[in-house]
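A.B. asks: Please find model17.txt (compact mmCIF, C-alpha atoms) on the next line:
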# COMPACT_ATOMS: atom_id res chain seq x y z
CA MET D 189 -6.54 -17.53 16.56
CA GLY D 190 -7.75 -18.92 13.24
CA LEU D 191 -6.21 -19.42 9.84
CA VAL D 192 -4.60 -16.27 8.42
CA SER D 193 -4.98 -15.92 4.65
CA VAL D 194 -2.15 -13.82 3.21
CA VAL D 195 -3.25 -12.18 -0.04
CA VAL D 196 -0.59 -10.79 -2.39
CA PRO D 197 -1.26 -9.17 -5.78
CA ALA D 198 1.64 -9.71 -8.18
CA TRP D 199 2.73 -8.77 -11.66
CA ASN D 200 6.16 -9.70 -13.05
CA ALA D 201 7.36 -10.17 -9.48
CA ALA D 202 9.76 -13.09 -10.01
CA ARG D 203 12.76 -11.02 -8.89
CA VAL D 204 11.31 -9.93 -5.55
CA LEU D 205 8.86 -12.71 -4.68
CA PRO D 206 11.39 -15.26 -3.31
CA GLU D 207 12.31 -13.00 -0.38
CA LEU D 208 8.65 -12.63 0.56
CA LEU D 209 8.12 -16.38 0.27
CA ASP D 210 11.13 -17.07 2.52
CA ALA D 211 9.76 -14.66 5.12
CA LEU D 212 6.32 -16.25 5.03
CA ALA D 213 7.87 -19.70 5.46
CA ARG D 214 9.23 -18.47 8.79
CA GLN D 215 5.84 -17.38 10.13
CA THR D 216 4.77 -19.11 13.31
CA ALA D 217 1.00 -18.63 12.94
CA GLU D 218 -1.12 -20.98 10.86
CA HIS D 219 -1.49 -19.34 7.48
CA GLU D 220 -2.01 -19.84 3.77
CA LEU D 221 -0.73 -17.75 0.87
CA VAL D 222 -2.85 -16.65 -2.07
CA VAL D 223 -0.93 -14.98 -4.90
CA VAL D 224 -3.05 -13.19 -7.47
CA ASP D 225 -1.16 -13.05 -10.76
CA ALA D 226 -2.27 -10.33 -13.17
CA GLY D 227 -0.85 -11.87 -16.33
CA SER D 228 2.84 -11.89 -15.46
CA ARG D 229 5.24 -12.56 -18.32
CA ASP D 230 7.92 -13.95 -16.03
CA ALA D 231 8.04 -16.89 -13.61
CA THR D 232 5.93 -15.27 -10.88
CA ALA D 233 3.21 -17.95 -10.89
CA ALA D 234 5.67 -20.86 -11.06
CA ILE D 235 7.77 -19.52 -8.18
CA ALA D 236 4.69 -19.00 -6.03
CA ARG D 237 3.30 -22.48 -6.75
CA ALA D 238 6.66 -24.09 -5.99
CA ALA D 239 6.51 -22.48 -2.54
CA GLY D 240 3.07 -23.93 -1.88
CA ALA D 241 0.99 -20.84 -2.63
CA ARG D 242 -2.45 -20.97 -4.18
CA VAL D 243 -2.14 -18.98 -7.41
CA VAL D 244 -5.22 -17.42 -8.96
CA ALA D 245 -5.44 -15.25 -12.05
CA ALA D 246 -6.67 -11.68 -12.36
CA PRO D 247 -7.98 -10.58 -15.78
CA GLN D 248 -6.17 -7.23 -15.68
CA ARG D 249 -3.66 -5.18 -13.71
CA ASN D 250 -5.81 -3.66 -10.99
CA ARG D 251 -4.72 -4.02 -7.38
CA SER D 252 -8.23 -3.59 -5.99
CA LEU D 253 -9.64 -6.28 -8.24
CA ALA D 254 -6.68 -8.59 -7.55
CA ARG D 255 -7.11 -8.36 -3.80
CA ASN D 256 -10.85 -9.02 -4.08
CA ILE D 257 -10.14 -12.10 -6.19
CA GLY D 258 -7.58 -13.23 -3.64
CA VAL D 259 -9.97 -12.90 -0.72
CA ALA D 260 -12.64 -14.84 -2.64
CA ALA D 261 -10.14 -17.68 -3.14
CA ALA D 262 -8.87 -17.61 0.45
CA GLN D 263 -10.10 -19.98 3.14
CA GLY D 264 -9.38 -18.03 6.31
CA ASP D 265 -11.55 -15.58 8.21
CA LEU D 266 -8.55 -13.37 8.93
CA ILE D 267 -7.07 -11.66 5.87
CA ALA D 268 -3.55 -10.21 5.78
CA PHE D 269 -2.61 -8.01 2.83
CA THR D 270 0.94 -7.26 1.77
CA ASP D 271 2.83 -6.67 -1.47
CA ALA D 272 5.13 -8.91 -3.48
CA ASP D 273 8.17 -6.75 -2.70
CA CYS D 274 7.58 -6.66 1.06
CA VAL D 275 9.35 -8.80 3.68
CA PRO D 276 7.41 -9.45 6.92
CA VAL D 277 9.09 -10.18 10.23
CA SER D 278 8.74 -13.74 11.50
CA GLY D 279 5.85 -12.99 13.84
CA TRP D 280 3.93 -10.79 11.42
CA ALA D 281 0.95 -13.02 10.66
CA GLY D 282 0.48 -13.96 14.31
CA ALA D 283 0.73 -10.35 15.45
CA LEU D 284 -1.89 -9.24 12.93
CA ALA D 285 -4.18 -12.08 13.96
CA SER D 286 -3.89 -11.06 17.61
CA CYS D 287 -4.64 -7.42 16.78
CA LEU D 288 -7.66 -8.47 14.73
CA GLU D 289 -9.14 -9.97 17.89
CA ALA D 290 -9.40 -6.42 19.26
CA SER D 291 -10.38 -4.51 16.10
CA PRO D 292 -11.89 -5.54 12.75
CA LEU D 293 -9.05 -3.90 10.81
CA ALA D 294 -5.41 -3.60 11.88
CA ALA D 295 -2.24 -2.20 10.36
CA GLY D 296 1.42 -2.46 11.27
CA PRO D 297 4.64 -0.60 10.50
CA VAL D 298 6.16 -0.50 7.03
CA ARG D 299 9.90 -0.04 7.44
CA MET D 300 11.68 1.39 4.42
CA VAL D 301 14.99 -0.18 3.43
CA ALA D 302 17.63 1.11 1.04
CA SER D 303 20.93 0.04 -0.49
CA THR D 304 24.24 0.49 1.30
CA ARG D 305 24.89 3.63 -0.79
CA PRO D 306 21.39 5.04 -1.19
CA SER D 307 20.51 7.29 -4.08
CA GLY D 308 18.73 10.61 -3.61
CA SER D 309 15.47 8.84 -4.41
CA GLU D 310 16.09 6.24 -1.72
CA ARG D 311 17.05 8.88 0.86
CA PHE D 312 13.84 10.71 -0.01
CA ASP D 313 11.75 7.58 0.56
CA LEU D 314 13.48 6.88 3.87
CA LEU D 315 12.33 10.29 5.11
CA TRP D 316 8.64 10.08 4.41
CA ARG D 317 7.14 6.90 3.00
CA TYR D 318 4.61 4.84 4.92
CA PRO D 319 4.07 6.69 8.20
CA GLN D 320 1.56 3.98 9.04
CA GLU D 321 1.05 4.86 12.69
CA ARG D 322 0.20 8.47 11.83
CA TYR D 323 -2.13 7.27 9.05
CA VAL D 324 -3.95 4.97 11.48
CA ARG D 325 -4.17 7.27 14.48
CA GLU D 326 -4.87 10.56 12.69
CA ALA D 327 -6.80 9.55 9.57
CA GLY D 328 -8.09 6.06 10.31
CA VAL D 329 -6.50 4.62 7.16
CA ALA D 330 -3.50 2.45 6.29
CA ALA D 331 -1.56 1.22 3.29
CA SER D 332 -2.33 -2.28 1.99
CA ALA D 333 1.38 -3.09 2.14
CA ASN D 334 0.59 -4.11 5.73
CA LEU D 335 -3.11 -4.33 6.47
CA GLY D 336 -5.20 -6.97 8.19
CA CYS D 337 -8.97 -7.34 8.02
CA ARG D 338 -11.57 -9.70 9.37
CA ARG D 339 -13.43 -11.34 6.51
CA GLU D 340 -16.79 -10.27 7.92
CA ALA D 341 -15.76 -6.61 7.82
CA PHE D 342 -14.22 -6.91 4.36
CA GLU D 343 -17.32 -8.50 2.90
CA ALA D 344 -19.70 -6.15 4.73
CA VAL D 345 -18.21 -3.12 2.93
CA GLY D 346 -17.90 -4.90 -0.43
CA GLY D 347 -14.11 -5.23 -0.47
CA TYR D 348 -11.88 -2.93 -2.45
CA ASP D 349 -13.46 -0.64 -5.04
CA PRO D 350 -11.90 -1.58 -8.43
CA ARG D 351 -12.50 1.98 -9.64
CA PHE D 352 -9.62 2.96 -7.38
CA HIS D 353 -6.39 1.75 -9.01
CA HIS D 354 -4.47 3.66 -6.32
CA GLY D 355 -5.68 5.04 -3.02
CA GLU D 356 -7.83 1.93 -2.80
CA ASP D 357 -6.61 1.20 0.71
CA ALA D 358 -7.65 4.60 2.07
CA ASP D 359 -11.05 4.19 0.42
CA LEU D 360 -11.51 0.73 1.95
CA CYS D 361 -10.58 1.95 5.43
CA LEU D 362 -12.86 4.98 5.23
CA ARG D 363 -15.84 2.91 4.06
CA ALA D 364 -15.12 0.42 6.84
CA ALA D 365 -15.05 3.22 9.42
CA ASP D 366 -18.35 4.56 8.12
CA ALA D 367 -19.81 1.07 8.58
CA GLY D 368 -18.57 0.87 12.17
CA PHE D 369 -15.41 -1.19 11.56
CA ALA D 370 -12.54 0.62 13.26
CA ILE D 371 -8.86 0.18 12.46
CA GLY D 372 -6.29 -0.56 15.17
CA TRP D 373 -2.54 -0.03 15.36
CA CYS D 374 -0.46 -3.22 15.49
CA PRO D 375 3.19 -2.31 16.18
CA ALA D 376 4.55 -5.87 16.29
CA ALA D 377 3.32 -6.69 12.76
CA GLU D 378 6.13 -5.14 10.75
CA VAL D 379 7.08 -5.52 7.10
CA ALA D 380 10.07 -4.12 5.22
CA HIS D 381 9.59 -2.37 1.88
CA PRO D 382 12.31 -1.29 -0.58
CA ALA D 383 12.79 2.39 -1.32
CA ALA D 384 12.57 3.64 -4.90
CA THR D 385 16.04 3.73 -6.44
CA ARG D 386 15.41 6.03 -9.43
CA LEU D 387 13.72 9.33 -10.09
CA ARG D 388 11.63 7.70 -12.81
CA ALA D 389 10.03 5.44 -10.20
CA VAL D 390 9.46 8.44 -7.92
CA ALA D 391 7.74 10.32 -10.76
CA ARG D 392 5.54 7.39 -11.78
CA ARG D 393 4.46 6.83 -8.20
CA GLY D 394 3.91 10.54 -7.62
CA PHE D 395 1.58 10.73 -10.63
CA GLU D 396 -0.46 7.83 -9.26
CA HIS D 397 -0.60 9.41 -5.80
CA GLY D 398 -1.67 12.75 -7.23
CA ALA D 399 -4.47 11.19 -9.25
CA SER D 400 -5.72 9.06 -6.38
CA ALA D 401 -5.56 12.02 -3.97
CA ARG D 402 -7.84 14.02 -6.26
CA ARG D 403 -10.28 11.12 -6.53
CA LEU D 404 -10.28 10.63 -2.76
CA ALA D 405 -10.93 14.34 -2.26
CA ARG D 406 -13.91 14.06 -4.59
CA ALA D 407 -15.24 10.95 -2.83
CA TYR D 408 -14.56 12.16 0.73
CA PRO D 409 -14.71 15.99 0.78
CA GLY D 410 -12.84 17.36 3.76
CA ARG D 411 -11.81 13.89 4.97
CA ALA D 412 -9.22 12.60 2.52
CA GLY D 413 -7.14 13.53 -0.51
CA ARG D 414 -6.18 16.91 -1.93
CA ARG D 415 -5.91 18.85 -5.19
CA TYR D 416 -2.16 19.10 -5.78
CA TRP D 417 -2.59 20.86 -9.11
CA SER D 418 -3.98 23.94 -7.37
CA SER D 419 -0.98 24.31 -5.02
CA PRO D 420 2.20 24.94 -7.07
CA GLY D 421 4.10 26.25 -4.07
CA GLY D 422 5.68 22.86 -3.52
CA LEU D 423 7.72 23.42 -6.67
CA LEU D 424 8.56 27.08 -6.16
CA ARG D 425 9.93 27.18 -2.62
CA ARG D 426 12.85 25.15 -1.36
CA GLY D 427 11.73 22.60 1.20
CA ALA D 428 8.03 23.09 0.43
CA ALA D 429 7.69 19.74 -1.35
CA LEU D 430 8.96 17.95 1.77
CA ARG D 431 6.73 20.00 4.06
CA ALA D 432 3.76 18.93 1.93
CA LEU D 433 4.60 15.38 3.07
CA SER D 434 4.84 16.47 6.73
CA VAL D 435 8.64 16.23 6.63
CA GLU D 436 11.03 18.97 7.72
CA PRO D 437 13.47 20.02 4.94
CA VAL D 438 16.99 18.59 5.01
CA ASP D 439 20.25 19.84 3.55
CA ASP D 440 20.45 17.19 0.83
CA ARG D 441 20.29 18.17 -2.83
CA GLY D 442 19.41 14.64 -3.93
CA VAL D 443 16.47 14.52 -1.54
CA GLU D 444 15.30 17.99 -2.56
CA LEU D 445 15.40 17.01 -6.24
CA ALA D 446 13.45 13.80 -5.60
CA ALA D 447 10.90 15.69 -3.51
CA ARG D 448 10.33 18.22 -6.29
CA VAL D 449 10.03 15.50 -8.92
CA ASP D 450 7.50 13.76 -6.68
CA TYR D 451 5.50 16.95 -6.16
CA ALA D 452 5.52 17.86 -9.86
CA ALA D 453 4.27 14.37 -10.69
CA ARG D 454 1.55 14.66 -8.05
CA MET D 455 0.43 17.94 -9.62
CA ALA D 456 0.32 16.30 -13.04
CA GLY D 457 -1.62 13.30 -11.75
CA SER D 458 -4.03 15.53 -9.87
CA LEU D 459 -4.65 17.69 -12.95
CA TRP D 460 -5.14 14.59 -15.09
CA ALA D 461 -7.75 13.27 -12.64
CA GLU D 462 -9.42 16.67 -12.62
CA VAL D 463 -9.61 16.94 -16.40
CA ALA D 464 -10.47 13.29 -17.01
CA ARG D 465 -13.23 13.53 -14.38
CA ARG D 466 -13.09 9.81 -13.75
CA ALA D 467 -15.06 10.30 -10.58
CA VAL D 468 -15.77 7.49 -8.16
CA ARG D 469 -18.81 7.00 -5.94
Go ahead and express the file in the form of structure tokens.

C.D. replies:
Amino acid sequence: MGLVSVVVPAWNAARVLPELLDALARQTAEHELVVVDAGSRDATAAIARAAGARVVAAPQRNRSLARNIGVAAAQGDLIAFTDADCVPVSGWAGALASCLEASPLAAGPVRMVASTRPSGSERFDLLWRYPQERYVREAGVAASANLGCRREAFEAVGGYDPRFHHGEDADLCLRAADAGFAIGWCPAAEVAHPAATRLRAVARRGFEHGASARRLARAYPGRAGRRYWSSPGGLLRRGAALRALSVEPVDDRGVELAARVDYAARMAGSLWAEVARRAVR
């Protein structure tokens, strides 16, 4: 088991970064941390440096570009991606490293966490976000919140495509699969991720997901993505927005509202991507 390079893109992450840093300090596997700061206006870089991280700068806010810069600065042959607001379990890095011995890419669970009195938005996220095992086993993709990759595989496919601001992880995994680099499921490598607390965050994220889904559908016809703008049923029928996420409806008005806000935002993002025609590949 070699050195694991943990690569984290960050922007104005001073509030959430200390919890990630504490969790990484408890890792048992040999590892280094590379934080890629995209011009934060808070103490993100200083906090990371004080914890012993290598901090490198990204010229703009682009997660794909940031992760590529981080891998270029990293020293290990095993790369572990997570986000600044995630909290890995103590054996996370070691578990990913072990799984990467069996497959060139590996992904573990992303457990959603909420406040003691969760809002409707949080309850919505707890129902559906990050079904990593289903992503891996059914679609061969995974979210970069918890994704490991051998350097040789990452470099062979050219890393993340900076034209994808969102959906970049699905694109990376699909290109890797096409090149013969399979992804494996790594159940012991778990990270925790906070649920969205407000509808505004749900809407912003939904717009990004809708836009990236349209771009993925254009890049991988029949394999990934969808055109949300052409399917308004998720707004018109109760429970349909949840079913669109492969979740059975629940008797919770807060969840139903958040689901409809999410779906409406996905439709808007999908239509924007359609009209803008910012095609990739």

A.B. asks: Mind giving me the straight-line distance from CA of Ser303 in chain D to CA of Arg322 in chain D in Å, one decimal?

C.D. replies: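 Rounded to one decimal, the two atoms are 25.5 Å apart.
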
A.B. asks: What lies within 9 Å of range 272-278 of chain D using only C-alpha atoms, ignoring chain neighbours under 4 positions off, as an NGL selection string?

C.D. replies: :D and (196-199 or 201 or 203-216 or 223 or 282 or 298 or 333-334 or 376-382)

A.B. asks: May I ask which of the residues D:Ala461, D:Ala295, D:Leu445, D:Val435 is the closest one to His354 in chain D, counting all atoms listed in the file?

C.D. replies: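 With all atoms listed in the file as the atom set, the closest residue is D:Ala461.
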
A.B. asks: Provide the CA of Gly398 in chain D to CA of Leu314 in chain D distance in Å, to one decimal place.

C.D. replies: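 Interatomic distance here is 19.7 Å.
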
A.B. asks: Restricting the calculation to all atoms listed in the file, which member of D:Ala367, D:Ala246, D:Ala281, D:Ala261 is positioned closest to Glu218 in chain D?

C.D. replies: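 So, comparing all the options, the nearest one is D:Ala281.
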
A.B. asks: With distances taken over only C-alpha atoms, which of D:Glu462, D:Asp366, D:Glu321, D:Asp359 is nearest to Gly296 in chain D?

C.D. replies: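 That would be D:Glu321, the residue with the smallest distance to Gly296 in chain D.
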
A.B. asks: Which neighbours of Ala453 in chain D fall inside 10 Å, counting all atoms listed in the file, when residues of the same chain fewer than 5 positions from it are skipped, and could you give them as a VMD selection string?

C.D. replies: chain D and resid 390 to 399 416 to 417 447 to 448 458 to 459

A.B. asks: Which is closest to Ala236 in chain D among D:Arg325, D:Gln263, D:Ala202, D:Asp313, if we use all atoms listed in the file?

C.D. replies: D:Ala202

A.B. asks: Calculated over only C-alpha atoms, which of the candidates D:Leu430, D:Leu266, D:Met300, D:Ala239 has the smallest distance to Ser286 in chain D?

C.D. replies: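 Ranked by minimum distance to Ser286 in chain D, first place goes to D:Leu266.
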
A.B. asks: Mind pulling up the distance from CA of Ala365 in chain D to CA of Ala327 in chain D?

C.D. replies: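 Computing the Euclidean distance for CA of Ala327 in chain D and CA of Ala365 in chain D yields 10.4 Å.
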
A.B. asks: Taking into account all atoms listed in the file, which residue in the set D:Gly227, D:Gly355, D:Gly264, D:Gly421 is nearest to Tyr408 in chain D?

C.D. replies: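 Going through D:Gly227, D:Gly355, D:Gly264, D:Gly421 one by one, the smallest distance to Tyr408 in chain D is for D:Gly355.
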
A.B. asks: Give me the residues near Arg425 in chain D as a VMD selection string, where near means some atom within 12 Å (using only C-alpha atoms) and where sequence neighbours in that chain fewer than 6 positions away do not count.

C.D. replies: chain D and resid 419 431 to 432 437 444 447 to 448 451

A.B. asks: Please provide the set of residues having any atom within 8 Å of Gly308 in chain D, restricted to all atoms listed in the file, with same-chain residues fewer than 2 positions apart removed, written as a list in words.

C.D. replies: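 With the cut-off at 8 Å, the set is Pro306, Glu310, Arg311, Phe312, Thr385, Arg441, Gly442, Val443, Leu445 and Ala446 of chain D.
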
A.B. asks: Near Ser228 in chain D, within 7 Å and counting all atoms listed in the file, which residues show up once chain neighbours fewer than 3 positions away are dropped, as an mmCIF file with C-alpha atoms, in the frame of the given file?

C.D. replies:
data_model
loop_
_atom_site.group_PDB
_atom_site.id
_atom_site.type_symbol
_atom_site.label_atom_id
_atom_site.label_comp_id
_atom_site.auth_asym_id
_atom_site.auth_seq_id
_atom_site.Cartn_x
_atom_site.Cartn_y
_atom_site.Cartn_z
ATOM 1 C CA TRP D 199 2.730 -8.770 -11.660
ATOM 2 C CA ASN D 200 6.160 -9.700 -13.050
ATOM 3 C CA ASP D 225 -1.160 -13.050 -10.760
ATOM 4 C CA THR D 232 5.930 -15.270 -10.880
#

A.B. asks: For range 431-447 of chain D, take all atoms listed in the file, fit an axis-aligned box around them, add 5 Å to each of the six sides, then output centre and edge lengths in Å rounded to one decimal, as JSON.

C.D. replies:
{"center_x": 12.1, "center_y": 16.9, "center_z": 0.7, "size_x": 26.7, "size_y": 16.2, "size_z": 24.0}

A.B. asks: Should you be able to, write range 312-344 of chain D of this structure into a file that contains N, CA and C atoms, as a CSV table (one decimal), in the first residue's frame.

C.D. replies:
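Written file, decode.csv:
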chain,number,residue,atom,x,y,z
D,312,PHE,N,-35.3,15.9,2.7
D,312,PHE,CA,-35.3,15.6,1.3
D,312,PHE,C,-33.9,15.0,0.9
D,313,ASP,N,-32.8,15.6,1.3
D,313,ASP,CA,-31.5,15.1,1.0
D,313,ASP,C,-31.2,13.7,1.7
D,314,LEU,N,-31.7,13.5,2.9
D,314,LEU,CA,-31.5,12.3,3.6
D,314,LEU,C,-32.2,11.1,2.8
D,315,LEU,N,-33.2,11.4,2.0
D,315,LEU,CA,-33.9,10.4,1.3
D,315,LEU,C,-33.2,9.9,0.0
D,316,TRP,N,-32.5,10.8,-0.6
D,316,TRP,CA,-32.0,10.5,-2.0
D,316,TRP,C,-30.6,10.7,-2.3
D,317,ARG,N,-29.9,11.6,-1.6
D,317,ARG,CA,-28.6,12.0,-2.1
D,317,ARG,C,-27.5,11.0,-2.0
D,318,TYR,N,-26.7,10.9,-2.9
D,318,TYR,CA,-25.5,10.0,-3.0
D,318,TYR,C,-25.8,8.5,-2.8
D,319,PRO,N,-26.6,8.0,-3.6
D,319,PRO,CA,-26.7,6.5,-3.6
D,319,PRO,C,-25.5,5.9,-4.3
D,320,GLN,N,-24.4,6.0,-3.7
D,320,GLN,CA,-23.1,5.6,-4.3
D,320,GLN,C,-23.1,4.2,-4.8
D,321,GLU,N,-23.6,3.3,-4.0
D,321,GLU,CA,-23.5,1.9,-4.4
D,321,GLU,C,-24.3,1.6,-5.7
D,322,ARG,N,-25.5,2.2,-5.7
D,322,ARG,CA,-26.3,2.1,-7.0
D,322,ARG,C,-25.6,2.7,-8.1
D,323,TYR,N,-25.0,3.9,-7.9
D,323,TYR,CA,-24.3,4.5,-9.0
D,323,TYR,C,-23.2,3.6,-9.6
D,324,VAL,N,-22.4,3.0,-8.6
D,324,VAL,CA,-21.3,2.2,-9.0
D,324,VAL,C,-21.7,0.9,-9.7
D,325,ARG,N,-22.7,0.2,-9.1
D,325,ARG,CA,-23.0,-1.1,-9.6
D,325,ARG,C,-23.9,-1.0,-10.9
D,326,GLU,N,-24.8,0.0,-11.0
D,326,GLU,CA,-25.7,0.1,-12.1
D,326,GLU,C,-25.2,0.9,-13.3
D,327,ALA,N,-24.5,2.0,-12.9
D,327,ALA,CA,-24.0,2.9,-14.0
D,327,ALA,C,-22.5,3.0,-14.2
D,328,GLY,N,-21.8,2.4,-13.2
D,328,GLY,CA,-20.3,2.5,-13.4
D,328,GLY,C,-19.8,3.9,-13.1
D,329,VAL,N,-20.4,4.7,-12.3
D,329,VAL,CA,-20.0,6.0,-12.0
D,329,VAL,C,-20.0,6.3,-10.5
D,330,ALA,N,-19.4,7.4,-10.0
D,330,ALA,CA,-19.5,7.7,-8.6
D,330,ALA,C,-19.2,9.2,-8.4
D,331,ALA,N,-19.7,9.7,-7.3
D,331,ALA,CA,-19.5,11.1,-7.0
D,331,ALA,C,-18.1,11.3,-6.5
D,332,SER,N,-17.5,12.5,-6.8
D,332,SER,CA,-16.1,12.8,-6.4
D,332,SER,C,-16.0,13.1,-4.9
D,333,ALA,N,-17.2,13.2,-4.2
D,333,ALA,CA,-17.1,13.3,-2.8
D,333,ALA,C,-16.4,12.2,-2.1
D,334,ASN,N,-16.4,11.0,-2.8
D,334,ASN,CA,-15.7,9.9,-2.2
D,334,ASN,C,-15.3,8.9,-3.4
D,335,LEU,N,-14.2,9.3,-4.0
D,335,LEU,CA,-13.7,8.5,-5.2
D,335,LEU,C,-12.2,8.4,-5.1
D,336,GLY,N,-11.7,7.2,-5.3
D,336,GLY,CA,-10.3,6.9,-5.4
D,336,GLY,C,-9.9,6.5,-6.8
D,337,CYS,N,-8.7,6.8,-7.2
D,337,CYS,CA,-8.2,6.5,-8.5
D,337,CYS,C,-6.7,6.3,-8.5
D,338,ARG,N,-6.3,5.2,-9.2
D,338,ARG,CA,-4.9,5.1,-9.4
D,338,ARG,C,-4.4,6.2,-10.4
D,339,ARG,N,-3.2,6.7,-10.1
D,339,ARG,CA,-2.7,7.8,-10.9
D,339,ARG,C,-2.6,7.4,-12.4
D,340,GLU,N,-2.1,6.1,-12.6
D,340,GLU,CA,-2.0,5.7,-14.0
D,340,GLU,C,-3.3,5.8,-14.8
D,341,ALA,N,-4.4,5.4,-14.1
D,341,ALA,CA,-5.7,5.4,-14.8
D,341,ALA,C,-6.1,6.9,-15.0
D,342,PHE,N,-5.9,7.7,-14.0
D,342,PHE,CA,-6.3,9.1,-14.1
D,342,PHE,C,-5.6,9.8,-15.2
D,343,GLU,N,-4.3,9.6,-15.3
D,343,GLU,CA,-3.5,10.3,-16.3
D,343,GLU,C,-3.8,9.7,-17.7
D,344,ALA,N,-4.1,8.4,-17.8
D,344,ALA,CA,-4.4,7.7,-19.1
D,344,ALA,C,-5.6,8.3,-19.7
